[in-house]
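Containing TSV, C-alpha atoms: start_27.tsv.
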chain	number	residue	atom	x	y	z
A	1	MET	CA	5.76	-11.87	27.37
A	2	PRO	CA	2.61	-14.01	27.16
A	3	SER	CA	-0.66	-12.30	26.54
A	4	HIS	CA	-4.02	-13.32	27.93
A	5	HIS	CA	-5.71	-12.05	24.75
A	6	THR	CA	-6.63	-14.33	21.90
A	7	SER	CA	-4.74	-13.52	18.77
A	8	ASP	CA	-6.38	-12.75	15.47
A	9	SER	CA	-3.38	-11.10	13.80
A	10	PRO	CA	-0.29	-12.75	12.28
A	11	SER	CA	1.94	-11.11	14.89
A	12	GLY	CA	0.19	-12.85	17.78
A	13	ARG	CA	-1.05	-9.52	19.08
A	14	PRO	CA	-4.77	-8.93	19.52
A	15	ALA	CA	-6.44	-7.82	16.33
A	16	ARG	CA	-7.66	-4.25	16.15
A	17	ALA	CA	-10.22	-2.67	13.89
A	18	GLY	CA	-7.66	-0.19	12.53
A	19	TRP	CA	-5.22	-2.95	11.65
A	20	THR	CA	-7.68	-4.92	9.58
A	21	SER	CA	-9.34	-1.98	7.85
A	22	TRP	CA	-6.38	-1.14	5.63
A	23	LEU	CA	-6.10	-4.78	4.52
A	24	GLY	CA	-9.27	-4.36	2.53
A	25	LEU	CA	-11.97	-5.15	5.01
A	26	ARG	CA	-13.35	-1.68	4.47
A	27	LYS	CA	-16.25	-1.23	2.10
A	28	PRO	CA	-14.65	-1.68	-1.34
A	29	GLN	CA	-14.75	1.14	-3.83
A	30	SER	CA	-15.90	0.46	-7.35
A	31	GLY	CA	-13.20	-0.24	-9.95
A	32	PRO	CA	-11.46	2.41	-12.03
A	33	ALA	CA	-14.23	4.95	-11.45
A	34	SER	CA	-13.04	5.27	-7.83
A	35	ILE	CA	-10.08	7.30	-9.10
A	36	PRO	CA	-11.52	10.65	-10.18
A	37	ALA	CA	-10.80	11.31	-13.84
A	38	THR	CA	-11.16	15.05	-13.41
A	39	GLU	CA	-8.32	15.53	-10.93
A	40	PRO	CA	-5.06	16.71	-12.50
A	41	MET	CA	-2.01	14.51	-11.94
A	42	GLN	CA	-0.10	16.23	-9.16
A	43	ARG	CA	3.54	15.37	-8.64
A	44	LEU	CA	4.89	14.84	-5.18
A	45	PRO	CA	8.56	15.70	-4.62
A	46	GLY	CA	10.61	12.74	-5.78
A	47	MET	CA	7.67	10.72	-7.18
A	48	ASP	CA	7.13	10.48	-10.93
A	49	GLY	CA	3.70	10.52	-12.56
A	50	VAL	CA	3.53	6.73	-13.03
A	51	ARG	CA	4.23	5.95	-9.37
A	52	LEU	CA	1.95	8.78	-8.27
A	53	CYS	CA	-0.90	7.23	-10.26
A	54	PHE	CA	-0.34	3.88	-8.52
A	55	TRP	CA	-0.10	5.53	-5.11
A	56	ASP	CA	-3.35	7.41	-5.73
A	57	ALA	CA	-5.04	4.11	-6.62
A	58	PHE	CA	-3.61	2.22	-3.64
A	59	LYS	CA	-3.88	4.85	-0.87
A	60	PRO	CA	-7.33	3.65	0.28
A	61	ILE	CA	-5.84	0.22	1.10
A	62	PHE	CA	-3.48	1.68	3.70
A	63	PRO	CA	-4.06	3.71	6.88
A	64	PRO	CA	-4.88	7.36	6.19
A	65	HIS	CA	-1.52	8.52	7.55
A	66	ALA	CA	0.55	6.10	5.42
A	67	MET	CA	3.29	7.67	3.33
A	68	ALA	CA	4.97	6.52	0.13
A	69	ALA	CA	8.39	7.39	-1.24
A	70	GLN	CA	9.94	6.47	-4.57
A	71	THR	CA	13.38	4.88	-4.48
A	72	ALA	CA	16.15	5.62	-6.98
A	73	GLY	CA	15.34	2.28	-8.63
A	74	GLY	CA	11.69	3.21	-9.15
A	75	SER	CA	10.11	1.15	-6.36
A	76	LEU	CA	7.63	2.62	-3.90
A	77	VAL	CA	8.23	2.16	-0.17
A	78	ILE	CA	5.11	2.51	1.97
A	79	SER	CA	4.97	2.75	5.75
A	80	TRP	CA	3.25	4.67	8.51
A	81	SER	CA	3.80	5.75	12.08
A	82	THR	CA	2.71	3.38	14.84
A	83	GLN	CA	3.65	5.72	17.68
A	84	GLY	CA	1.07	5.62	20.43
A	85	ASP	CA	-0.15	2.19	19.33
A	86	PRO	CA	0.01	-0.17	22.31
A	87	HIS	CA	0.60	-3.16	19.99
A	88	ALA	CA	3.59	-1.65	18.20
A	89	THR	CA	7.16	-2.67	18.95
A	90	TYR	CA	8.66	-0.15	16.53
A	91	ARG	CA	7.86	3.46	15.65
A	92	HIS	CA	6.84	2.58	12.08
A	93	ALA	CA	5.00	-0.27	10.43
A	94	THR	CA	7.01	-2.90	8.60
A	95	PRO	CA	7.44	-1.38	5.13
A	96	VAL	CA	5.67	-2.54	2.00
A	97	VAL	CA	7.81	-2.26	-1.14
A	98	LEU	CA	6.13	-2.12	-4.54
A	99	ARG	CA	8.32	-3.09	-7.48
A	100	PHE	CA	7.16	-2.43	-11.02
A	101	GLU	CA	7.91	-4.65	-14.02
A	102	ALA	CA	9.53	-2.65	-16.84
A	103	GLU	CA	6.71	-3.54	-19.25
A	104	LEU	CA	4.11	-2.11	-16.87
A	105	VAL	CA	6.04	1.15	-16.50
A	106	GLU	CA	6.48	1.43	-20.28
A	107	MET	CA	2.76	0.82	-20.82
A	108	MET	CA	1.92	3.51	-18.25
A	109	LEU	CA	4.28	5.98	-19.92
A	110	ARG	CA	2.53	5.48	-23.27
A	111	ALA	CA	-0.97	5.66	-21.76
A	112	ASP	CA	-3.13	8.73	-21.39
A	113	ALA	CA	-4.34	9.79	-17.92
A	114	GLU	CA	-7.57	7.76	-18.01
A	115	GLN	CA	-5.77	4.61	-19.20
A	116	ARG	CA	-3.22	5.04	-16.40
A	117	ARG	CA	-5.98	5.21	-13.82
A	118	ARG	CA	-7.59	2.04	-15.18
A	119	VAL	CA	-4.32	0.10	-15.25
A	120	ALA	CA	-3.44	1.20	-11.70
A	121	ALA	CA	-6.88	0.22	-10.44
A	122	GLN	CA	-6.53	-3.21	-12.11
A	123	GLN	CA	-3.26	-3.81	-10.23
A	124	GLU	CA	-5.02	-3.36	-6.87
A	125	GLN	CA	-5.95	-7.07	-6.71
A	126	VAL	CA	-2.30	-8.02	-7.26
A	127	LEU	CA	-1.33	-5.77	-4.35
A	128	ARG	CA	-4.05	-7.18	-2.09
A	129	ALA	CA	-2.95	-10.74	-2.89
A	130	GLY	CA	0.65	-9.77	-2.12
A	131	LEU	CA	-0.37	-8.42	1.28
A	132	VAL	CA	-1.99	-11.66	2.46
A	133	GLY	CA	-0.28	-12.59	5.73
A	134	TYR	CA	1.58	-9.28	5.97
A	135	ASP	CA	2.08	-8.08	9.55
A	136	PRO	CA	2.82	-4.38	10.08
A	137	TYR	CA	3.75	-5.18	13.71
A	138	ALA	CA	6.26	-7.95	12.97
A	139	THR	CA	8.81	-8.40	15.75
A	140	VAL	CA	11.47	-8.96	13.06
A	141	PRO	CA	10.44	-6.36	10.49
A	142	ASN	CA	11.24	-7.57	6.98
A	143	ALA	CA	9.77	-5.51	4.19
A	144	ARG	CA	6.94	-7.13	2.22
A	145	VAL	CA	7.85	-6.90	-1.45
A	146	VAL	CA	5.05	-7.00	-4.03
A	147	VAL	CA	5.90	-7.07	-7.73
A	148	LEU	CA	3.34	-5.42	-10.01
A	149	GLY	CA	3.12	-6.07	-13.70
Please lay out the structure from this file as structure tokens.
Amino acid sequence: MPSHHTSDSPSGRPARAGWTSWLGLRKPQSGPASIPATEPMQRLPGMDGVRLCFWDAFKPIFPPHAMAAQTAGGSLVISWSTQGDPHATYRHATPVVLRFEAELVEMMLRADAEQRRRVAAQQEQVLRAGLVGYDPYATVPNARVVVLG
């Protein structure tokens, strides 16, 4: 169905402020210090401490209601509800899958809490680069896979 709107998003749908904000057009936070060093590492059901550290570092990139789940293979799958969004074809955004190189996971396991936070914060630029061109509203939703490490 043709639209009379001009398209600023990869999906051809009109761009929205909420869609672009999670891609990093929000005011950036400052490096590793943006992850509070005083907060204890809390474990979510089914998510190990390494993945939790990465999720804590990457949450500000995604919409506030985004959710992450760890797969049996150690990847993180991130998506969020798009219900009520007039631009959405599906009930959830096209998933983003984060895969972790074995060396990165091993380094995180050997690191103390502060080192983990720094490493996770350093990987944010890799994630942002991997999301270039990603469309959460894709009409053929194929997961975006980003390999960290």
Inset, instruction - Would you list the residues near (7.3, -2.3, -16.2) (no more than 12 Å away, in the coordinates of the file, using only C-alpha atoms) as an NGL selection string? - result: :A and (50-51 or 73-75 or 98-110 or 119 or 147-149)
Legend entry - Spatial neighbours of A:Pro141, max dist 10 Å, only C-alpha atoms, sep filter under 3 positions, as an NGL selection string: :A and (89-90 or 92-95 or 135-138 or 144)
Inset, instruction - Please identify all polymer residues within 9 Å of stretch 128-130 of chain A, counting only C-alpha atoms, omitting same-chain residues fewer than 4 positions from it, and present them as a list in words. - result: Leu23, Gly24, Ile61, Gln123, Glu124, Tyr134, Arg144, Val145, Val146 and Val147 of chain A
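The interatomic distance for the pair atom CA of A:Phe58 and atom CA of A:Thr82 works out to 19.6 Å.
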Inset, instruction - Figure out the distance between atom CA of A:Leu52 and atom CA of A:Val97, please, to one decimal in Å. - result: 14.4 Å
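In this structure, atom CA of A:Met67 sits 5.7 Å away from atom CA of A:Ser79.
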Inset, instruction - Would you mind telling me which residue in A:Arg91, A:Phe54, A:Met47, A:Gly133 lies nearest to A:Ala113 when using all atoms listed in the file? - result: A:Phe54
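Proximity ranking of A:Val96, A:Ala143, A:Ala88, A:Ala121 relative to A:Asp56 places A:Ala121 first, based on all atoms listed in the file.
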